[in-house]
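Printed here is my_file_26.cif (mmCIF, C-alpha atoms):
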data_target
#
loop_
_atom_site.label_atom_id
_atom_site.label_comp_id
_atom_site.auth_asym_id
_atom_site.auth_seq_id
_atom_site.Cartn_x
_atom_site.Cartn_y
_atom_site.Cartn_z
CA MET A 663 171.70 71.65 139.83
CA SER A 664 171.65 74.66 142.15
CA HIS A 665 172.29 78.11 140.69
CA PRO A 666 175.98 78.30 141.81
CA GLY A 667 176.66 75.04 139.97
CA THR A 668 174.57 76.09 136.98
CA LEU A 669 176.34 79.45 136.79
CA ILE A 670 179.75 77.73 136.86
CA LEU A 671 178.60 75.43 134.07
CA ILE A 672 177.23 78.36 132.04
CA MET A 673 180.51 80.26 132.38
CA ALA A 674 182.43 77.15 131.37
CA MET A 675 180.35 77.06 128.18
CA ALA A 676 180.97 80.79 127.75
CA VAL A 677 184.71 80.09 127.78
CA LEU A 678 184.37 77.13 125.42
CA ALA A 679 182.27 79.01 122.83
CA PRO A 680 184.96 81.45 121.56
CA LEU A 681 187.50 78.61 121.50
CA LEU A 682 185.22 76.64 119.20
CA ALA A 683 184.58 79.76 117.11
CA TYR A 684 188.33 80.26 116.78
CA VAL A 685 188.96 76.67 115.68
CA VAL A 686 186.05 76.55 113.24
CA GLY A 687 186.85 80.08 112.04
CA ARG A 688 189.89 78.80 110.20
CA ARG A 689 187.49 77.30 107.66
CA LEU A 690 184.12 78.89 108.32
CA THR A 691 183.15 82.18 109.99
CA VAL A 692 180.52 81.47 112.64
CA PRO A 693 179.37 84.09 115.19
CA VAL A 694 180.14 83.05 118.75
CA ALA A 695 176.46 83.48 119.69
CA VAL A 696 175.63 80.40 117.62
CA PHE A 697 178.06 78.29 119.65
CA GLU A 698 176.69 79.74 122.89
CA ILE A 699 173.14 78.73 122.00
CA VAL A 700 174.22 75.28 120.82
CA LEU A 701 176.26 74.67 123.98
CA GLY A 702 173.25 75.78 126.01
CA VAL A 703 171.16 73.18 124.20
CA VAL A 704 173.79 70.52 124.97
CA ILE A 705 173.80 71.16 128.73
CA GLY A 706 170.05 71.77 128.80
CA PRO A 707 167.25 69.37 129.71
CA ASP A 708 166.80 67.95 126.19
CA VAL A 709 170.37 66.60 125.89
CA LEU A 710 172.59 66.20 128.98
CA GLY A 711 170.15 67.66 131.49
CA TRP A 712 172.89 69.30 133.54
CA ALA A 713 171.49 72.85 133.73
CA ARG A 714 168.09 74.26 134.62
CA PRO A 715 167.70 78.02 135.11
CA ASP A 716 166.29 79.45 138.34
CA THR A 717 165.50 82.97 139.52
CA VAL A 718 169.12 84.05 139.83
CA ILE A 719 170.11 82.71 136.40
CA ASP A 720 166.98 84.18 134.78
CA THR A 721 167.80 87.60 136.27
CA LEU A 722 171.33 87.48 134.88
CA SER A 723 169.91 86.41 131.52
CA SER A 724 167.52 89.37 131.50
CA LEU A 725 170.43 91.71 132.26
CA GLY A 726 172.32 90.10 129.39
CA LEU A 727 169.45 90.79 127.00
CA SER A 728 169.35 94.44 128.10
CA MET A 729 173.11 94.75 127.62
CA LEU A 730 172.87 93.14 124.17
CA ILE A 731 170.23 95.64 123.02
CA PHE A 732 172.17 98.48 124.67
CA LEU A 733 175.28 97.60 122.65
CA ALA A 734 173.17 97.28 119.50
CA GLY A 735 171.91 100.82 120.08
CA TYR A 736 175.46 102.04 120.59
CA GLU A 737 176.56 100.56 117.24
CA ILE A 738 174.16 102.77 115.30
CA GLU A 739 175.42 106.16 114.20
CA PHE A 740 172.51 107.80 112.43
CA ALA A 741 174.71 110.74 111.42
CA ALA A 742 176.51 108.36 109.05
CA VAL A 743 173.35 107.41 107.15
CA ARG A 744 170.98 110.03 105.87
CA GLY A 745 169.17 111.34 102.84
CA ASP A 746 167.86 109.03 100.15
CA THR A 747 169.67 105.98 101.56
CA LEU A 748 167.97 106.29 104.94
CA ARG A 749 164.57 106.92 103.34
CA ARG A 750 164.97 103.79 101.24
CA ALA A 751 166.02 101.77 104.29
CA VAL A 752 162.99 102.92 106.29
CA GLY A 753 160.69 102.25 103.34
CA ALA A 754 162.09 98.75 102.85
CA TRP A 755 161.57 97.92 106.52
CA ALA A 756 158.01 99.31 106.54
CA VAL A 757 157.11 97.18 103.51
CA ALA A 758 158.75 94.17 105.18
CA LEU A 759 156.68 94.71 108.35
CA ALA A 760 153.43 94.90 106.38
CA MET A 761 154.32 91.71 104.49
CA ALA A 762 155.46 89.95 107.66
CA LEU A 763 152.27 90.74 109.57
CA ALA A 764 150.08 89.60 106.66
CA ILE A 765 151.99 86.32 106.35
CA ALA A 766 152.02 85.77 110.11
CA PHE A 767 148.24 86.29 110.30
CA ALA A 768 147.86 83.63 107.59
CA LEU A 769 150.20 81.19 109.37
CA THR A 770 148.55 81.61 112.79
CA GLY A 771 144.92 81.70 111.70
CA ALA A 772 144.59 85.41 112.50
CA GLN A 773 145.84 85.15 116.11
CA ALA A 774 146.77 88.78 116.60
CA THR A 775 149.37 88.69 119.38
CA LYS A 776 151.16 85.63 118.02
CA SER A 777 151.16 87.24 114.57
CA PHE A 778 152.76 90.37 116.01
CA VAL A 779 155.53 88.29 117.61
CA ILE A 780 156.29 86.27 114.47
CA GLY A 781 155.84 89.21 112.11
CA THR A 782 158.16 91.49 114.07
CA ALA A 783 160.82 88.77 114.31
CA LEU A 784 160.79 88.37 110.52
CA THR A 785 161.83 92.00 109.99
CA SER A 786 165.00 92.16 112.09
CA THR A 787 168.63 92.41 110.97
CA ALA A 788 171.63 91.25 113.02
CA LEU A 789 173.75 94.34 112.40
CA GLY A 790 176.04 93.38 115.29
CA ALA A 791 176.80 90.05 113.60
CA VAL A 792 177.19 91.54 110.12
CA LEU A 793 179.52 94.46 110.94
CA PRO A 794 182.52 92.39 112.12
CA LEU A 795 182.29 90.23 109.00
CA LEU A 796 182.21 93.31 106.76
CA ARG A 797 185.10 94.86 108.67
CA ASP A 798 187.22 91.71 108.38
CA ALA A 799 186.56 91.56 104.63
CA ASP A 800 187.36 95.30 104.26
CA LEU A 801 183.84 95.94 102.96
CA LEU A 802 182.67 98.42 105.59
CA ARG A 803 184.26 101.56 104.17
CA GLY A 804 182.82 103.30 101.13
CA ARG A 805 179.38 103.44 99.60
CA PHE A 806 178.45 99.77 100.02
CA GLY A 807 179.34 99.76 103.71
CA THR A 808 177.27 102.92 104.28
CA VAL A 809 174.22 101.33 102.64
CA VAL A 810 174.57 98.13 104.68
CA MET A 811 174.86 100.26 107.82
CA ALA A 812 171.67 102.16 106.94
CA PHE A 813 169.55 99.11 106.16
CA GLY A 814 170.98 97.20 109.12
CA ALA A 815 170.41 100.08 111.54
CA VAL A 816 166.75 100.36 110.56
CA GLY A 817 166.50 96.57 110.81
CA GLU A 818 167.52 96.83 114.46
CA PHE A 819 165.75 100.06 115.41
CA GLY A 820 162.45 99.28 113.66
CA PRO A 821 161.68 95.97 115.43
CA VAL A 822 162.42 97.52 118.83
CA ILE A 823 159.82 100.22 118.13
CA ALA A 824 157.38 97.61 116.80
CA ILE A 825 157.77 95.55 119.97
CA SER A 826 156.75 98.52 122.07
CA LEU A 827 153.72 99.25 119.87
CA LEU A 828 152.49 95.77 119.02
CA LEU A 829 153.44 93.70 122.07
CA SER A 830 152.60 96.13 124.87
CA GLY A 831 149.13 94.66 125.46
CA ARG A 832 147.59 98.14 125.17
CA ALA A 833 145.30 99.66 122.59
CA PRO A 834 147.29 100.97 119.61
CA GLY A 835 146.35 104.60 120.36
CA VAL A 836 147.44 104.37 124.00
CA ALA A 837 150.66 102.55 123.09
CA THR A 838 151.44 105.17 120.45
CA ALA A 839 150.81 108.02 122.88
CA LEU A 840 153.11 106.46 125.47
CA LEU A 841 155.77 105.87 122.81
CA VAL A 842 155.56 109.49 121.69
CA ALA A 843 155.91 110.64 125.30
CA PHE A 844 158.92 108.39 125.79
CA ALA A 845 160.41 109.71 122.53
CA ALA A 846 159.92 113.29 123.71
CA VAL A 847 161.76 112.61 126.97
CA THR A 848 164.48 110.77 125.05
CA ALA A 849 164.80 113.72 122.65
CA VAL A 850 165.41 116.03 125.61
CA ALA A 851 168.05 113.58 126.83
CA VAL A 852 169.66 113.55 123.38
CA PHE A 853 169.74 117.36 123.34
CA TRP A 854 171.42 117.26 126.74
CA ALA A 855 173.89 114.61 125.57
CA LEU A 856 174.84 116.71 122.53
CA ARG A 857 175.87 119.64 124.71
CA PRO A 858 179.63 119.91 125.35
CA ARG A 859 180.67 118.21 128.55
CA PRO A 860 182.15 120.57 131.18
CA PRO A 861 185.96 120.42 131.51
CA TRP A 862 185.80 118.63 134.86
CA PHE A 863 183.91 115.74 133.26
CA ALA A 864 186.77 114.76 130.95
CA ARG A 865 189.28 115.22 133.78
CA VAL A 866 187.36 112.93 136.14
CA VAL A 867 186.92 110.34 133.37
CA ALA A 868 190.65 110.32 132.66
CA LYS A 869 191.68 110.35 136.33
CA THR A 870 189.43 107.42 137.36
CA LEU A 871 189.75 105.36 134.19
CA HIS A 872 192.55 103.24 135.62
CA SER A 873 191.44 103.35 139.26
CA SER A 874 188.77 101.69 141.34
CA GLY A 875 186.55 104.76 140.81
CA GLN A 876 185.66 103.95 137.16
CA PHE A 877 183.50 107.10 136.95
CA ALA A 878 182.73 106.78 133.24
CA VAL A 879 181.68 103.11 133.46
CA ARG A 880 179.43 103.84 136.41
CA TYR A 881 178.00 106.85 134.55
CA VAL A 882 177.12 104.67 131.57
CA MET A 883 175.49 102.09 133.84
CA LEU A 884 173.44 104.91 135.40
CA LEU A 885 172.27 105.93 131.93
CA LEU A 886 171.28 102.34 131.17
CA ALA A 887 169.43 101.89 134.48
CA SER A 888 167.68 105.26 134.07
CA MET A 889 166.44 104.48 130.55
CA LEU A 890 165.31 101.01 131.60
CA GLY A 891 163.41 102.57 134.49
CA LEU A 892 161.95 105.26 132.22
CA SER A 893 160.66 102.71 129.70
CA ALA A 894 159.15 100.66 132.54
CA ALA A 895 157.51 103.79 133.96
CA PHE A 896 155.87 104.45 130.59
CA GLY A 897 154.75 100.82 130.42
CA LEU A 898 156.95 100.12 127.39
CA ASP A 899 159.21 97.15 126.85
CA THR A 900 162.56 97.61 128.55
CA LEU A 901 164.31 96.74 125.27
CA LEU A 902 163.35 100.21 124.05
CA GLY A 903 164.99 101.77 127.09
CA ALA A 904 168.14 99.71 126.61
CA PHE A 905 168.31 100.70 122.94
CA ALA A 906 167.83 104.40 123.75
CA ALA A 907 170.54 104.17 126.42
CA GLY A 908 172.96 102.86 123.80
CA LEU A 909 172.24 105.81 121.52
CA LEU A 910 172.72 108.26 124.40
CA THR A 911 175.94 106.63 125.52
CA ARG A 912 177.53 107.10 122.08
CA LEU A 913 176.78 110.81 122.27
CA VAL A 914 178.00 111.19 125.85
CA LEU A 915 181.25 109.30 125.30
CA ARG A 916 181.96 111.33 122.19
CA GLY A 917 182.08 114.38 124.45
CA ALA A 918 184.45 112.65 126.86
CA GLY A 919 187.25 112.61 124.30
CA PRO A 920 187.86 110.07 121.51
CA GLU A 921 190.55 108.09 123.30
CA ALA A 922 188.78 107.93 126.65
CA GLY A 923 185.45 107.16 124.97
CA ALA A 924 186.90 104.20 123.08
CA GLU A 925 188.48 102.80 126.23
CA VAL A 926 185.29 103.21 128.24
CA LEU A 927 183.32 101.45 125.52
CA GLY A 928 185.87 98.64 125.59
CA ARG A 929 185.20 98.13 129.28
CA ILE A 930 181.43 98.15 128.77
CA GLU A 931 181.79 95.62 125.96
CA ALA A 932 183.99 93.48 128.21
CA MET A 933 181.28 93.51 130.86
CA GLY A 934 178.61 92.70 128.28
CA PHE A 935 180.26 90.25 125.89
CA GLY A 936 182.51 88.83 128.59
CA PHE A 937 179.75 87.95 131.03
CA LEU A 938 176.14 89.05 130.67
CA VAL A 939 175.49 88.52 126.95
CA PRO A 940 176.92 84.95 126.90
CA VAL A 941 174.71 84.12 129.89
CA PHE A 942 171.68 85.29 127.90
CA PHE A 943 172.51 83.23 124.81
CA ILE A 944 173.46 80.10 126.77
CA VAL A 945 170.28 80.32 128.88
CA THR A 946 168.38 80.71 125.59
CA GLY A 947 169.96 77.45 124.46
CA ILE A 948 169.07 75.77 127.75
CA GLY A 949 165.45 76.77 127.22
CA PHE A 950 165.54 75.79 123.53
CA ASP A 951 162.86 73.10 123.02
CA LEU A 952 164.92 70.70 120.91
CA SER A 953 162.54 67.79 121.43
CA ALA A 954 159.60 69.81 120.09
CA LEU A 955 161.66 70.85 117.07
CA LEU A 956 162.86 67.35 116.22
CA ASP A 957 159.69 65.36 116.80
CA GLY A 958 158.89 65.62 113.10
CA GLY A 959 155.84 67.79 113.59
CA ARG A 960 154.91 71.36 112.70
CA PRO A 961 157.91 73.12 114.33
CA LEU A 962 160.42 71.19 112.22
CA ALA A 963 158.43 71.95 109.07
CA LEU A 964 158.33 75.63 110.02
CA LEU A 965 162.13 75.96 110.32
CA PRO A 966 162.88 76.05 106.55
CA VAL A 967 159.72 78.11 106.04
CA PHE A 968 160.95 80.76 108.47
CA LEU A 969 164.41 80.74 106.88
CA LEU A 970 162.85 81.37 103.47
CA LEU A 971 160.61 84.06 104.94
CA PHE A 972 163.60 85.89 106.41
CA LEU A 973 164.98 86.10 102.90
CA LEU A 974 161.72 86.98 101.16
CA VAL A 975 160.12 89.29 103.72
CA ARG A 976 163.22 91.20 104.84
CA GLY A 977 165.33 90.69 101.72
CA GLY A 978 162.69 91.22 99.03
CA PRO A 979 161.88 94.87 99.86
CA THR A 980 165.60 95.52 100.41
CA TRP A 981 166.36 94.32 96.88
CA LEU A 982 163.56 96.42 95.39
CA LEU A 983 164.37 99.63 97.29
CA ALA A 984 168.17 99.39 97.38
CA PRO A 985 169.93 102.52 96.03
CA ARG A 986 170.14 102.44 92.26
CA ASP A 987 173.86 103.17 92.18
CA LEU A 988 174.66 99.72 93.61
CA SER A 989 175.64 97.01 91.18
CA ARG A 990 173.57 93.83 90.88
CA ARG A 991 176.12 91.94 92.97
CA GLU A 992 176.05 94.59 95.69
CA ARG A 993 172.24 94.59 95.72
CA THR A 994 172.23 90.82 96.12
CA ALA A 995 174.81 90.97 98.90
CA LEU A 996 172.84 93.74 100.64
CA THR A 997 169.73 91.57 100.47
CA LEU A 998 171.55 88.66 102.11
CA TYR A 999 173.12 90.82 104.82
CA SER A 1000 169.76 92.46 105.62
CA SER A 1001 168.13 89.03 105.92
CA THR A 1002 170.69 87.88 108.50
CA CYS A 1003 169.19 87.86 111.97
CA LEU A 1004 169.55 86.29 115.41
CA PRO A 1005 169.78 88.51 118.53
CA LEU A 1006 166.44 90.30 118.12
CA VAL A 1007 164.75 87.08 117.02
CA VAL A 1008 165.93 85.49 120.27
CA ALA A 1009 164.74 88.52 122.23
CA ILE A 1010 161.33 88.67 120.54
CA THR A 1011 160.67 84.93 120.86
CA THR A 1012 161.69 85.15 124.53
CA ILE A 1013 159.01 87.80 125.04
CA GLY A 1014 156.50 85.67 123.15
CA THR A 1015 157.14 82.50 125.16
CA ASP A 1016 157.25 84.38 128.48
CA ASP A 1017 153.85 85.92 127.69
CA GLY A 1018 152.47 82.51 126.71
CA VAL A 1019 151.50 83.53 123.18
CA LEU A 1020 154.20 81.59 121.35
CA ALA A 1021 154.65 77.83 121.73
CA SER A 1022 158.14 76.64 122.58
CA GLY A 1023 158.29 74.62 119.37
CA GLU A 1024 157.45 77.67 117.26
CA ALA A 1025 160.04 79.71 119.12
CA ALA A 1026 162.62 76.97 118.52
CA ALA A 1027 161.81 76.99 114.79
CA LEU A 1028 162.25 80.77 114.60
CA VAL A 1029 165.53 80.76 116.55
CA GLY A 1030 166.81 77.76 114.59
CA ALA A 1031 166.07 79.51 111.30
CA ALA A 1032 167.79 82.65 112.57
CA MET A 1033 170.88 80.62 113.47
CA LEU A 1034 170.94 79.16 109.96
CA SER A 1035 170.62 82.67 108.49
CA VAL A 1036 173.73 83.77 110.41
CA LEU A 1037 175.61 80.72 109.16
CA ALA A 1038 174.53 80.89 105.51
CA PHE A 1039 173.58 84.38 104.35
CA PRO A 1040 176.81 86.33 105.13
CA LEU A 1041 178.94 83.62 103.52
CA LEU A 1042 176.75 83.69 100.42
CA ALA A 1043 177.01 87.49 100.35
CA LEU A 1044 180.81 87.35 100.42
CA LYS A 1045 180.76 84.76 97.64
CA VAL A 1046 178.46 86.98 95.56
CA LEU A 1047 180.85 89.89 96.02
CA GLY A 1048 183.69 87.62 94.94
CA GLY A 1049 185.85 88.53 97.95
CA ARG A 1050 186.60 91.92 96.41
CA ARG A 1051 186.50 95.29 98.10
CA ALA A 1052 183.26 97.18 97.85
CA GLY A 1053 184.35 100.77 97.47
CA PRO A 1054 182.13 103.66 96.47
CA SER A 1055 179.98 102.67 93.51
CA SER A 1056 180.17 106.22 92.22
CA PRO A 1057 182.23 109.22 93.27
CA ALA A 1058 179.19 111.41 93.65
CA ALA A 1059 177.37 108.98 95.88
CA GLY A 1060 180.40 108.29 97.99
CA ALA A 1061 180.99 112.00 98.53
CA SER A 1062 177.52 112.74 99.90
CA GLU A 1063 177.21 109.90 102.42
CA THR A 1064 180.31 108.47 104.02
CA TRP A 1065 180.97 106.02 106.81
#
Turn the structure described in the file into structure tokens.
Amino acid sequence: MSHPGTLILIMAMAVLAPLLAYVVGRRLTVPVAVFEIVLGVVIGPDVLGWARPDTVIDTLSSLGLSMLIFLAGYEIEFAAVRGDTLRRAVGAWAVALAMALAIAFALTGAQATKSFVIGTALTSTALGAVLPLLRDADLLRGRFGTVVMAFGAVGEFGPVIAISLLLSGRAPGVATALLVAFAAVTAVAVFWALRPRPPWFARVVAKTLHSSGQFAVRYVMLLLASMLGLSAAFGLDTLLGAFAAGLLTRLVLRGAGPEAGAEVLGRIEAMGFGFLVPVFFIVTGIGFDLSALLDGGRPLALLPVFLLLFLLVRGGPTWLLAPRDLSRRERTALTLYSSTCLPLVVAITTIGTDDGVLASGEAAALVGAAMLSVLAFPLLALKVLGGRRAGPSSPAAGASETW
């Protein structure tokens, strides 16, 4: 099928996915990304054979991945998580990365690049999938929500940094130097973004918000394109640029006024989640090697192994280093939420397969396990919490770090 027909089919699946999520959601909460990937598998070559990506579709999919990581960066508000909680979250992720790399080296027979791909994927957290579930259950406010935000934020930020260091193809020293240089430029941009916007900026944002000018939306897209270009210029993965652009956009929109900033973000999310991000997930499903996964060989055996590793590698250090003021139930729920992953696993496996270091069957096993984690772990976490509100575990803790 030519790309116009394939794009129509992809958008039809993009429309169908939230309808299925709505129907199933009456009994079971399932992120719409899971339906998008599954529908992509259905129309892909291994089932109906209706859709095959080409250059145009692949370009749109790459833009969708950048937008997904951009929005993930925007979700993180580091000012909300600090002190001992943030230190524990960083420590838990660092331990998880060390464990993941050691296990990946054992699984792959010490194949370095493949181990980096698998190991990094095992350390991610799908904060974007977890936050709506916490918000709907009224669990986001208070101490527990702050801790989940901290551990989830590091679980998204850490893998993006690791990708740039471990999967750049450069010597570790060179990659680190380039990353430090990129961080320095980004820090200057952050300093600039923190400065108060001139009065004319807010006026232009408000005046063009409901016109064809759309100054603020275009400004945000310029930030995204600039950071993508900057990361490419430094030879780093563009995911890092997209993530940094999301962080910068939060700071810039905050200076544009709360009401205008929220409305601008809504339009960016509409562009992303309404078009580009679904294309990425559906194209991921189209490229999902279902036949390799279901042929009864190694990939199928790896799927439950990877699911268990998500829980042990990412969840184990989280349990051990979780703040001591959390109850046992809250620690268990935090472990399950931190072990929930999907978007970054899809992104990392896409990089691995594109570079030819990860077999399609292994990528399918990783993505399949990540999909199961999104389906199972958050529901188990809610059951552990007993459906109750998770307010501040202690007045003192809740007073020092709020969300």
Give me, as JSON, numbers by chain, all polymer residues having an atom no more than 12 Å from segment 836-849 of chain A, counting only C-alpha atoms and skipping those fewer than 3 positions away in the same chain. {"A": [822, 823, 824, 825, 826, 827, 828, 829, 830, 831, 832, 833, 852, 853, 854, 855, 856, 885, 888, 889, 890, 891, 892, 893, 894, 895, 896, 897, 898, 899, 900, 902, 903, 904, 905, 906, 907, 908, 909, 910]}
Compare A:Gly667, A:Val850, A:Pro966, A:Thr785 by their minimum atom-to-atom distance to Ala758 of chain A, counting all atoms listed in the file, and give me the closest one.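 Closest to Ala758 of chain A, using all atoms listed in the file: A:Thr785.
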Interatomic distance between atom CA of Pro680 of chain A and atom CA of Tyr999 of chain A?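 Separation between atom CA of Pro680 of chain A and atom CA of Tyr999 of chain A: 22.5 Å.
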Could you check the closest approach to Ala984 of chain A for each of A:Val677, A:Ile719, A:Val926, A:Val809 and tell me which residue wins, using only C-alpha atoms?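 Of A:Val677, A:Ile719, A:Val926, A:Val809, the one nearest Ala984 of chain A, counting only C-alpha atoms, is A:Val809.
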Please report as CSV every residue of segment 882-957 of chain A lying within 12 Å of segment 1002-1008 of chain A, along with the nearest atom pair and their distance in Å (one decimal), using only C-alpha atoms.
residue,atom,partner,partner_atom,distance
A:Leu901,CA,A:Leu1006,CA,9.9
A:Leu902,CA,A:Leu1006,CA,12.0
A:Phe905,CA,A:Leu1006,CA,11.6
A:Val939,CA,A:Pro1005,CA,10.2
A:Pro940,CA,A:Pro1005,CA,11.6
A:Phe942,CA,A:Val1008,CA,9.6
A:Phe943,CA,A:Val1008,CA,8.3
A:Ile944,CA,A:Val1008,CA,11.3
A:Val945,CA,A:Val1008,CA,10.9
A:Thr946,CA,A:Val1008,CA,7.6
A:Gly947,CA,A:Val1008,CA,9.9
A:Gly949,CA,A:Val1008,CA,11.2
A:Phe950,CA,A:Val1008,CA,10.2
Written as a ChimeraX atom specification, which residues does the PyMOL selection byres ((chain A and resi 749-751) around 12) give for the file shown? /A:743-748,752-758,787,808-820,976-977,979-986,996-997,1000
Prev. selection, C-alpha atoms, output as a PDB file, in the coordinates of the input:
ATOM      1  CA  VAL A 743     173.350 107.410 107.150  1.00  0.00           C
ATOM      2  CA  ARG A 744     170.980 110.030 105.870  1.00  0.00           C
ATOM      3  CA  GLY A 745     169.170 111.340 102.840  1.00  0.00           C
ATOM      4  CA  ASP A 746     167.860 109.030 100.150  1.00  0.00           C
ATOM      5  CA  THR A 747     169.670 105.980 101.560  1.00  0.00           C
ATOM      6  CA  LEU A 748     167.970 106.290 104.940  1.00  0.00           C
ATOM      7  CA  VAL A 752     162.990 102.920 106.290  1.00  0.00           C
ATOM      8  CA  GLY A 753     160.690 102.250 103.340  1.00  0.00           C
ATOM      9  CA  ALA A 754     162.090  98.750 102.850  1.00  0.00           C
ATOM     10  CA  TRP A 755     161.570  97.920 106.520  1.00  0.00           C
ATOM     11  CA  ALA A 756     158.010  99.310 106.540  1.00  0.00           C
ATOM     12  CA  VAL A 757     157.110  97.180 103.510  1.00  0.00           C
ATOM     13  CA  ALA A 758     158.750  94.170 105.180  1.00  0.00           C
ATOM     14  CA  THR A 787     168.630  92.410 110.970  1.00  0.00           C
ATOM     15  CA  THR A 808     177.270 102.920 104.280  1.00  0.00           C
ATOM     16  CA  VAL A 809     174.220 101.330 102.640  1.00  0.00           C
ATOM     17  CA  VAL A 810     174.570  98.130 104.680  1.00  0.00           C
ATOM     18  CA  MET A 811     174.860 100.260 107.820  1.00  0.00           C
ATOM     19  CA  ALA A 812     171.670 102.160 106.940  1.00  0.00           C
ATOM     20  CA  PHE A 813     169.550  99.110 106.160  1.00  0.00           C
ATOM     21  CA  GLY A 814     170.980  97.200 109.120  1.00  0.00           C
ATOM     22  CA  ALA A 815     170.410 100.080 111.540  1.00  0.00           C
ATOM     23  CA  VAL A 816     166.750 100.360 110.560  1.00  0.00           C
ATOM     24  CA  GLY A 817     166.500  96.570 110.810  1.00  0.00           C
ATOM     25  CA  GLU A 818     167.520  96.830 114.460  1.00  0.00           C
ATOM     26  CA  PHE A 819     165.750 100.060 115.410  1.00  0.00           C
ATOM     27  CA  GLY A 820     162.450  99.280 113.660  1.00  0.00           C
ATOM     28  CA  ARG A 976     163.220  91.200 104.840  1.00  0.00           C
ATOM     29  CA  GLY A 977     165.330  90.690 101.720  1.00  0.00           C
ATOM     30  CA  PRO A 979     161.880  94.870  99.860  1.00  0.00           C
ATOM     31  CA  THR A 980     165.600  95.520 100.410  1.00  0.00           C
ATOM     32  CA  TRP A 981     166.360  94.320  96.880  1.00  0.00           C
ATOM     33  CA  LEU A 982     163.560  96.420  95.390  1.00  0.00           C
ATOM     34  CA  LEU A 983     164.370  99.630  97.290  1.00  0.00           C
ATOM     35  CA  ALA A 984     168.170  99.390  97.380  1.00  0.00           C
ATOM     36  CA  PRO A 985     169.930 102.520  96.030  1.00  0.00           C
ATOM     37  CA  ARG A 986     170.140 102.440  92.260  1.00  0.00           C
ATOM     38  CA  LEU A 996     172.840  93.740 100.640  1.00  0.00           C
ATOM     39  CA  THR A 997     169.730  91.570 100.470  1.00  0.00           C
ATOM     40  CA  SER A1000     169.760  92.460 105.620  1.00  0.00           C
TER      41      SER A1000
END
For the file shown, what are the residues hit by the PyMOL selection byres ((chain A and resi 762) around 9), laid out as a PyMOL selection string? chain A and resi 757-761+763-767+777-778+780-785+971+975-976
Would you work out the distance separating atom CA of Leu965 of chain A from atom CA of Asp951 of chain A, expressed in Å to one decimal?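 That distance, rounded to one decimal, is 13.0 Å.
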Residue nearest Thr691 of chain A among A:Leu730, A:Leu871, A:Ala922, A:Leu795 (counting all atoms listed in the file):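 Distance minimum relative to Thr691 of chain A lands on A:Leu795.
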Given the file shown, enumerate the residues that the PyMOL selection byres ((chain A and resi 703-712) around 7) captures and present them as a PyMOL selection string. chain A and resi 663+699-702+713-714+947-950+952-953
What does the file look like for those residues with C-alpha atoms, as a PDB file, in the frame of the given file?
ATOM      1  CA  MET A 663     171.700  71.650 139.830  1.00  0.00           C
ATOM      2  CA  ILE A 699     173.140  78.730 122.000  1.00  0.00           C
ATOM      3  CA  VAL A 700     174.220  75.280 120.820  1.00  0.00           C
ATOM      4  CA  LEU A 701     176.260  74.670 123.980  1.00  0.00           C
ATOM      5  CA  GLY A 702     173.250  75.780 126.010  1.00  0.00           C
ATOM      6  CA  ALA A 713     171.490  72.850 133.730  1.00  0.00           C
ATOM      7  CA  ARG A 714     168.090  74.260 134.620  1.00  0.00           C
ATOM      8  CA  GLY A 947     169.960  77.450 124.460  1.00  0.00           C
ATOM      9  CA  ILE A 948     169.070  75.770 127.750  1.00  0.00           C
ATOM     10  CA  GLY A 949     165.450  76.770 127.220  1.00  0.00           C
ATOM     11  CA  PHE A 950     165.540  75.790 123.530  1.00  0.00           C
ATOM     12  CA  LEU A 952     164.920  70.700 120.910  1.00  0.00           C
ATOM     13  CA  SER A 953     162.540  67.790 121.430  1.00  0.00           C
TER      14      SER A 953
END
Using all atoms listed in the file, which of A:Ala932, A:Leu969, A:Leu681, A:Val718 sits nearest Pro666 of chain A?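 Of A:Ala932, A:Leu969, A:Leu681, A:Val718, the one nearest Pro666 of chain A, counting all atoms listed in the file, is A:Val718.
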Please measure the separation of atom CA of Ala878 of chain A and atom CA of Phe935 of chain A, giving the value in Å to one decimal.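 Separating atom CA of Ala878 of chain A from atom CA of Phe935 of chain A is a distance of 18.3 Å.
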Using the file's own x, y and z axes, so that the box edges lie along x, y and z, what centre and edge lengths in Å (one decimal) does a box around every listed atom of segment 838-842 of chain A get when 6 Å is added on each side? Give it as JSON.
{"center_x": 153.3, "center_y": 107.3, "center_z": 123.0, "size_x": 17.0, "size_y": 16.3, "size_z": 17.0}
Calculated over only C-alpha atoms, which of the candidates A:Ala791, A:Val692, A:Leu886, A:Leu1047 has the smallest distance to Leu725 of chain A?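 Nearest to Leu725 of chain A: A:Leu886.
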Could you check which residues have any atom within 12 Å of (187.2, 81.3, 110.1), counting only C-alpha atoms with coordinates taken straight from the file, and then list them as a VMD selection string? chain A and resid 680 to 694 795 798 to 799 1037 1041
Residues at most 7 Å from Val1046 of chain A, counting all atoms listed in the file, excluding those fewer than 4 positions away in the same chain, as a VMD selection string? chain A and resid 991 995 1042
